[in-house]
Each structure stands twice: as C-alpha cells, then as structure tokens.
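**Student:** Take this structure, written in structure tokens, and hold onto it; I'll ask about it next.
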Amino acid sequence: MRRRVARALARPLVLAAVGAAIPLATAAPSAADSVVIGGFPVDVSHSPWAVALASRDRFGGTRAGQFCGGVVVGRTAVLTAAHCLGGDVVGAPPTRDLKVITGRTDLLSRQGKEIPVRAVWVNPHYDADTNAGDFAVLTLAEPVPQSSVIPLAGAGDPAYAPGTSATVYGWGDTAGTGVYAHSLHAARVHVLPDAQCERAYPGGSEDGTYLPGSMLCAGEATGGRDACQGDSGGPLVARGRLIGLVSWGNGCGRAEGPGVYTRVSDIVRTLSQVLGVKASRGAPDEP
Ligand code: ARG
C-alpha cells in the first residue's frame, strides 16, 4: 500500500525530473537564500557528513540526479531513509546508477565525488503506514575520509531534550512548492516535546503516526523552519551529533505540522549490527 510518504516523495520528484527544472533554471542564484524551508546556504566543507543520493537515470541530470539526502556514519556507510529506497523511487532492484555525492555544495558543479553504491540495506521493519523504522544503510564502493564521519547520539543523549537547538541539512524543496535547491542549505530548528507531534499526528489520517520511541519531533512552535521534500534521509544534528534523519511531516514549515525524524538513538543497536563487519574492518587510518 502506498501511503503518504511515498506520494509526498514521488510527486515533487516527478516534478523535479520532468518540469522542474523550470523554477531552478530561472532562479537567480542570489534569490536562493531562503531554504531547506526558512534556512540558509552552507558550504559542505563545514558539514562533510551531509551527502546527496542521486540517480541520473531515474531523476534526470539537471541537479545531478539528487532525490534524497544521506549522512556518512562510517567510512563506507551512509545512513538514509528507508522510504528513499522504495521500488517506486529507485526501482526494484535499485538502479545500478545509484550514487552518493560527497563534498559537493552545489549540485550544478563538479566538486567532490560521486561514489557508486555497492550494497543497499533497507530496514525490513520499516512500516509505510506509520512511517516507523524509516532508515536504510548504503555501502559505498570506496571509503570517504574518517573526518567526514559524524558521531551518532545514543540513548539518553542530552541533545534530545526539548528546546535543544538543532540543524537540518539538505538539497530539497526550499519553498514547499517544488522549488528545489541546487546548493546545500541548512535550517535551525528546535527539538520539540513529543506531545506536540503526538497531537499533530495521532494516526488514523493520511499522515503517519507519531511514535515517540522511534521518532523525533523538531521544528519551530510557530512554523517557518523545517525540512521539506527532497531532504529525506538527511541529517538533523545537535551538539555535534546525529540525532535524527529527515523522515516526514504534513506540508513543510507549518506550525500545525512539525517535522518528524527517525530517532537515531533508537537505531544505533541495529546499525552497529548491520555495520558490524565493516566497522571492525575499517581501521581508522585506512587510506
Ligand atoms: N518525505 C519527505 C522526503 O521524502 C521529507 C518530508 C519532511 N517534511 C517535513 N515537513 N519535515 O523528502
């Protein structure tokens, strides 16, 4: 069953692939400074763990094929959202042209590297109805520097306290209207009390169901700053640690529809099992 997340993702992406180049191509670079939603442009050298998932075959070459975000959690491991890797998004089996773009601020440039994906692991417990368990791991065909790896927040990390300032990164929609950024943006948001998302997303609607154990609520009480379509799978960072992955929300930047993120502290155990072999192989000083 295709629920809201898949549609939310697929619709703007189709736009991006087919027509959308329109707003992007005509937008003056200087006009593009309101973004993720309510964010600001950043240089990827300051957030080297922020990467783009791309497939030119599936999404066209206008923005290097970018369709989701991701985050480097090991020298050959990129964490992203499970819903970014659905068959409707990347094909089944996933397109062989799936790449991770590292070190590239502007998708229109040739900066950084496009690294092929050697293996795809999607959380088998991902639930497209509630959106629970929205995470996946990509194995890179070649390692990135250790300095690009971001530490993960664990259980009880104080960064999860409501009110904590956090930053979300992505190349996604900057207006909520299918206007895709071509350079990386970030927005400052706050960790919100679970109650706020429980109220907004009680279940029984087209939206997912907010489950506080595995999800994280973030945004601004008054709206305005948020992640949006195309940012999915990308990082939410607080106190220098990865606390969330962009997952879903109702609209973008709406006070009544806060951003919902995959709660990283809830997946670290699964993750270390998935990464286990690779983690023990990857010596920190490997070239
Ligand atoms: N599902 C979207 C994507 O695939 C991310 C939506 C995030 N929405 C939000 N309001 N925070 O890119």
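The way I read the labels, and the way they are meant: chains A, B, ... in the order of the structure tokens, residue 1 as the first residue of every chain, and ligand 1 as the first ligand shown, with later ones counted on from there.
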Need the shell around range 96-107 of chain A: protein/DNA/RNA residues with any atom at most 8 Å away, counting only C-alpha atoms. Skip same-chain ones fewer than 3 positions apart. Format as a ChimeraX atom specification?
**Tutor:** /A:42-45,48-57,63-64,66,90,110-117,140,182-184
**Student:** Write the selection just made, keeping C-alpha atoms, as a tab-separated table (two decimals), in the first residue's frame?
**Tutor:**
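Okay, this is what ended up in again-v5.tsv:
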```tsv
chain	number	residue	atom	x	y	z
A	42	VAL	CA	26.05	26.35	3.82
A	43	ASP	CA	29.29	25.01	2.40
A	44	VAL	CA	29.57	21.26	2.59
A	45	SER	CA	33.13	21.54	3.92
A	48	PRO	CA	31.19	16.89	5.23
A	49	TRP	CA	28.90	14.12	6.53
A	50	ALA	CA	25.96	15.61	4.57
A	51	VAL	CA	25.63	13.76	1.27
A	52	ALA	CA	23.17	13.62	-1.61
A	53	LEU	CA	21.64	10.43	-3.03
A	54	ALA	CA	21.43	10.60	-6.78
A	55	SER	CA	20.43	8.73	-9.89
A	56	ARG	CA	20.53	10.48	-13.22
A	57	ASP	CA	18.77	7.54	-14.84
A	63	ARG	CA	20.56	18.55	-10.40
A	64	ALA	CA	23.00	15.66	-10.79
A	66	GLN	CA	19.68	14.26	-6.50
A	90	VAL	CA	14.82	3.88	-7.10
A	110	ARG	CA	31.59	19.01	-10.40
A	111	GLN	CA	33.07	19.50	-6.95
A	112	GLY	CA	33.59	16.47	-4.69
A	113	LYS	CA	32.94	12.90	-5.70
A	114	GLU	CA	30.17	10.70	-6.98
A	115	ILE	CA	30.63	7.36	-5.30
A	116	PRO	CA	28.77	4.30	-6.58
A	117	VAL	CA	26.73	2.32	-4.06
A	140	LEU	CA	29.95	2.87	-0.60
A	182	HIS	CA	20.79	23.25	-6.19
A	183	SER	CA	23.09	24.10	-3.34
A	184	LEU	CA	23.14	22.74	0.18
```
**Student:** Based on DSSP run over this structure's backbone, return all residues of range 30-217 of chain A in alpha helix (DSSP H), as a list in words.
**Tutor:**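 Here is the list: Arg56, Asp57, Arg58, Phe59, Gly87, Asp88, Val89, Val90, Asp194, Ala195, Gln196, Cys197, Glu198, Arg199 and Ala200 of chain A.
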**Student:** Got a sec to check which residues lie within 8 Å of ligand 1, using only C-alpha atoms and all ligand atoms, and send them as a VMD selection string?
**Tutor:** chain A and resid 5 to 6 8 to 10 67 to 69 83 to 84 172 219 226 to 233 246 to 254 257 to 261
**Student:** Convert the current residue selection to file output with N, CA and C atoms, as a compact mmCIF listing (two decimals), in the first residue's frame.
**Tutor:**
```
# COMPACT_ATOMS: atom_id res chain seq x y z
N VAL A 5 3.84 9.05 2.62
CA VAL A 5 5.26 9.34 2.49
C VAL A 5 5.72 9.12 1.06
N ALA A 6 5.33 7.98 0.55
CA ALA A 6 5.77 7.66 -0.80
C ALA A 6 5.23 8.69 -1.78
N ALA A 8 4.29 11.76 -1.11
CA ALA A 8 4.90 13.06 -0.86
C ALA A 8 6.25 13.12 -1.55
N LEU A 9 6.94 12.01 -1.52
CA LEU A 9 8.26 11.98 -2.13
C LEU A 9 8.15 11.94 -3.63
N ALA A 10 7.28 11.07 -4.10
CA ALA A 10 7.25 10.83 -5.53
C ALA A 10 6.75 12.04 -6.30
N PHE A 67 17.90 13.10 -5.27
CA PHE A 67 16.50 12.86 -4.91
C PHE A 67 16.27 12.72 -3.42
N CYS A 68 17.33 12.53 -2.63
CA CYS A 68 17.21 12.40 -1.19
C CYS A 68 18.52 12.84 -0.56
N GLY A 69 18.53 12.93 0.75
CA GLY A 69 19.76 13.19 1.47
C GLY A 69 20.27 11.94 2.15
N HIS A 83 12.31 5.12 3.12
CA HIS A 83 11.35 5.47 2.06
C HIS A 83 12.03 6.06 0.83
N CYS A 84 13.31 6.44 0.98
CA CYS A 84 14.07 6.92 -0.19
C CYS A 84 14.44 5.77 -1.12
N GLY A 172 16.78 19.89 -0.64
CA GLY A 172 15.38 19.71 -1.03
C GLY A 172 14.66 21.02 -1.30
N GLY A 219 11.23 21.30 14.90
CA GLY A 219 10.74 22.40 14.08
C GLY A 219 10.71 23.65 14.93
N ASP A 226 11.98 24.29 8.57
CA ASP A 226 11.66 22.86 8.50
C ASP A 226 12.46 22.23 7.37
N ALA A 227 12.46 20.90 7.36
CA ALA A 227 12.90 20.16 6.19
C ALA A 227 11.71 20.08 5.22
N CYS A 228 11.96 19.61 4.01
CA CYS A 228 10.86 19.50 3.05
C CYS A 228 11.18 18.37 2.06
N GLN A 229 10.33 18.20 1.04
CA GLN A 229 10.53 17.11 0.09
C GLN A 229 11.93 17.20 -0.53
N GLY A 230 12.57 16.08 -0.65
CA GLY A 230 13.91 16.05 -1.22
C GLY A 230 15.00 16.09 -0.15
N ASP A 231 14.62 16.44 1.08
CA ASP A 231 15.58 16.45 2.19
C ASP A 231 15.62 15.11 2.91
N SER A 232 14.65 14.25 2.65
CA SER A 232 14.53 12.99 3.37
C SER A 232 15.84 12.22 3.42
N GLY A 233 16.06 11.59 4.56
CA GLY A 233 17.27 10.80 4.74
C GLY A 233 18.44 11.62 5.21
N VAL A 246 15.81 13.07 8.39
CA VAL A 246 14.57 13.64 7.86
C VAL A 246 13.66 12.51 7.39
N SER A 247 12.41 12.50 7.89
CA SER A 247 11.53 11.39 7.53
C SER A 247 10.20 11.86 6.93
N TRP A 248 9.40 12.62 7.68
CA TRP A 248 8.10 13.00 7.15
C TRP A 248 7.51 14.21 7.89
N GLY A 249 6.35 14.63 7.44
CA GLY A 249 5.68 15.77 8.04
C GLY A 249 4.46 16.07 7.19
N ASN A 250 3.58 16.93 7.70
CA ASN A 250 2.43 17.35 6.91
C ASN A 250 2.74 18.74 6.37
N GLY A 251 2.95 18.83 5.06
CA GLY A 251 3.40 20.08 4.47
C GLY A 251 4.82 20.37 4.93
N CYS A 252 5.23 21.58 4.80
CA CYS A 252 6.57 21.97 5.22
C CYS A 252 6.51 23.31 5.93
N GLY A 253 7.09 23.37 7.12
CA GLY A 253 7.19 24.63 7.84
C GLY A 253 5.88 25.11 8.45
N ARG A 254 4.90 24.22 8.55
CA ARG A 254 3.62 24.60 9.15
C ARG A 254 3.66 24.38 10.65
N GLY A 257 2.13 21.26 11.66
CA GLY A 257 2.70 20.03 11.09
C GLY A 257 4.21 19.98 11.27
N PRO A 258 4.66 19.76 12.51
CA PRO A 258 6.12 19.77 12.75
C PRO A 258 6.83 18.68 11.95
N GLY A 259 8.13 18.81 11.81
CA GLY A 259 8.94 17.81 11.12
C GLY A 259 9.11 16.57 11.99
N VAL A 260 9.01 15.40 11.37
CA VAL A 260 9.24 14.16 12.10
C VAL A 260 10.50 13.50 11.54
N TYR A 261 11.35 13.06 12.45
CA TYR A 261 12.66 12.50 12.13
C TYR A 261 12.77 11.10 12.71
```
**Student:** From the options A:Ala255, A:Ala175, A:Val237, A:Ala166, which residue's atoms come nearest to Ala200 in chain A, counting only C-alpha atoms?
**Tutor:** A:Ala255
**Student:** Quick one: pull the distance between CA of Arg225 in chain A and CA of Gly74 in chain A, Å, one decimal.
**Tutor:**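 For CA of Arg225 in chain A relative to CA of Gly74 in chain A, the distance reads 28.9 Å.
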**Student:** Check the DSSP output for the backbone and give back, as a PyMOL selection string, the residues of range 113-152 of chain A in strand (DSSP E or B).
**Tutor:** chain A and resi 113-122+136-140+152
**Student:** Would you put the residues from that selection into a file with C-alpha atoms, as a PDB file, in the first residue's frame?
**Tutor:**
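Saved the output as selection_26.pdb:
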```
ATOM      1  CA  LYS A 113      32.937  12.897  -5.698  1.00  0.00           C
ATOM      2  CA  GLU A 114      30.166  10.705  -6.984  1.00  0.00           C
ATOM      3  CA  ILE A 115      30.629   7.358  -5.302  1.00  0.00           C
ATOM      4  CA  PRO A 116      28.767   4.299  -6.580  1.00  0.00           C
ATOM      5  CA  VAL A 117      26.728   2.324  -4.058  1.00  0.00           C
ATOM      6  CA  ARG A 118      27.918  -1.247  -3.597  1.00  0.00           C
ATOM      7  CA  ALA A 119      25.106  -2.525  -1.404  1.00  0.00           C
ATOM      8  CA  VAL A 120      21.723  -1.368  -0.164  1.00  0.00           C
ATOM      9  CA  TRP A 121      20.229  -2.464   3.160  1.00  0.00           C
ATOM     10  CA  VAL A 122      16.693  -1.293   3.906  1.00  0.00           C
ATOM     11  CA  ALA A 136      18.444   2.335   5.476  1.00  0.00           C
ATOM     12  CA  VAL A 137      22.174   1.882   5.005  1.00  0.00           C
ATOM     13  CA  LEU A 138      24.136   2.239   1.789  1.00  0.00           C
ATOM     14  CA  THR A 139      27.601   0.726   1.437  1.00  0.00           C
ATOM     15  CA  LEU A 140      29.949   2.871  -0.602  1.00  0.00           C
ATOM     16  CA  LEU A 152      25.686   9.146  16.488  1.00  0.00           C
TER      17      LEU A 152
END
```
**Student:** Using CA of Gly213 in chain A and CA of Tyr169 in chain A as the two end points, give the distance in Å to one decimal.
**Tutor:** 23.0 Å
**Student:** At a cut-off of 12 Å, using only C-alpha atoms, what residues contact Ala159 in chain A? Leave out same-chain residues fewer than 3 positions from it and give the result as a list in words.
**Tutor:** Leu152, Ala153, Gly154, Ala155, Gly156, Pro162, Gly163, Thr164, Ser165, Ala166, Thr167, His190, Val191, Leu192, Leu216, Ala218, Leu236, Val237, Ala238, Arg239, Gly240, Arg241, Leu242, Ile243, Gly244, Arg263, Val264 and Ser265 of chain A
**Student:** Which distance in Å separates CA of Gly276 in chain A and CA of Asn131 in chain A, to one decimal?
**Tutor:**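 A separation of 25.5 Å between them.
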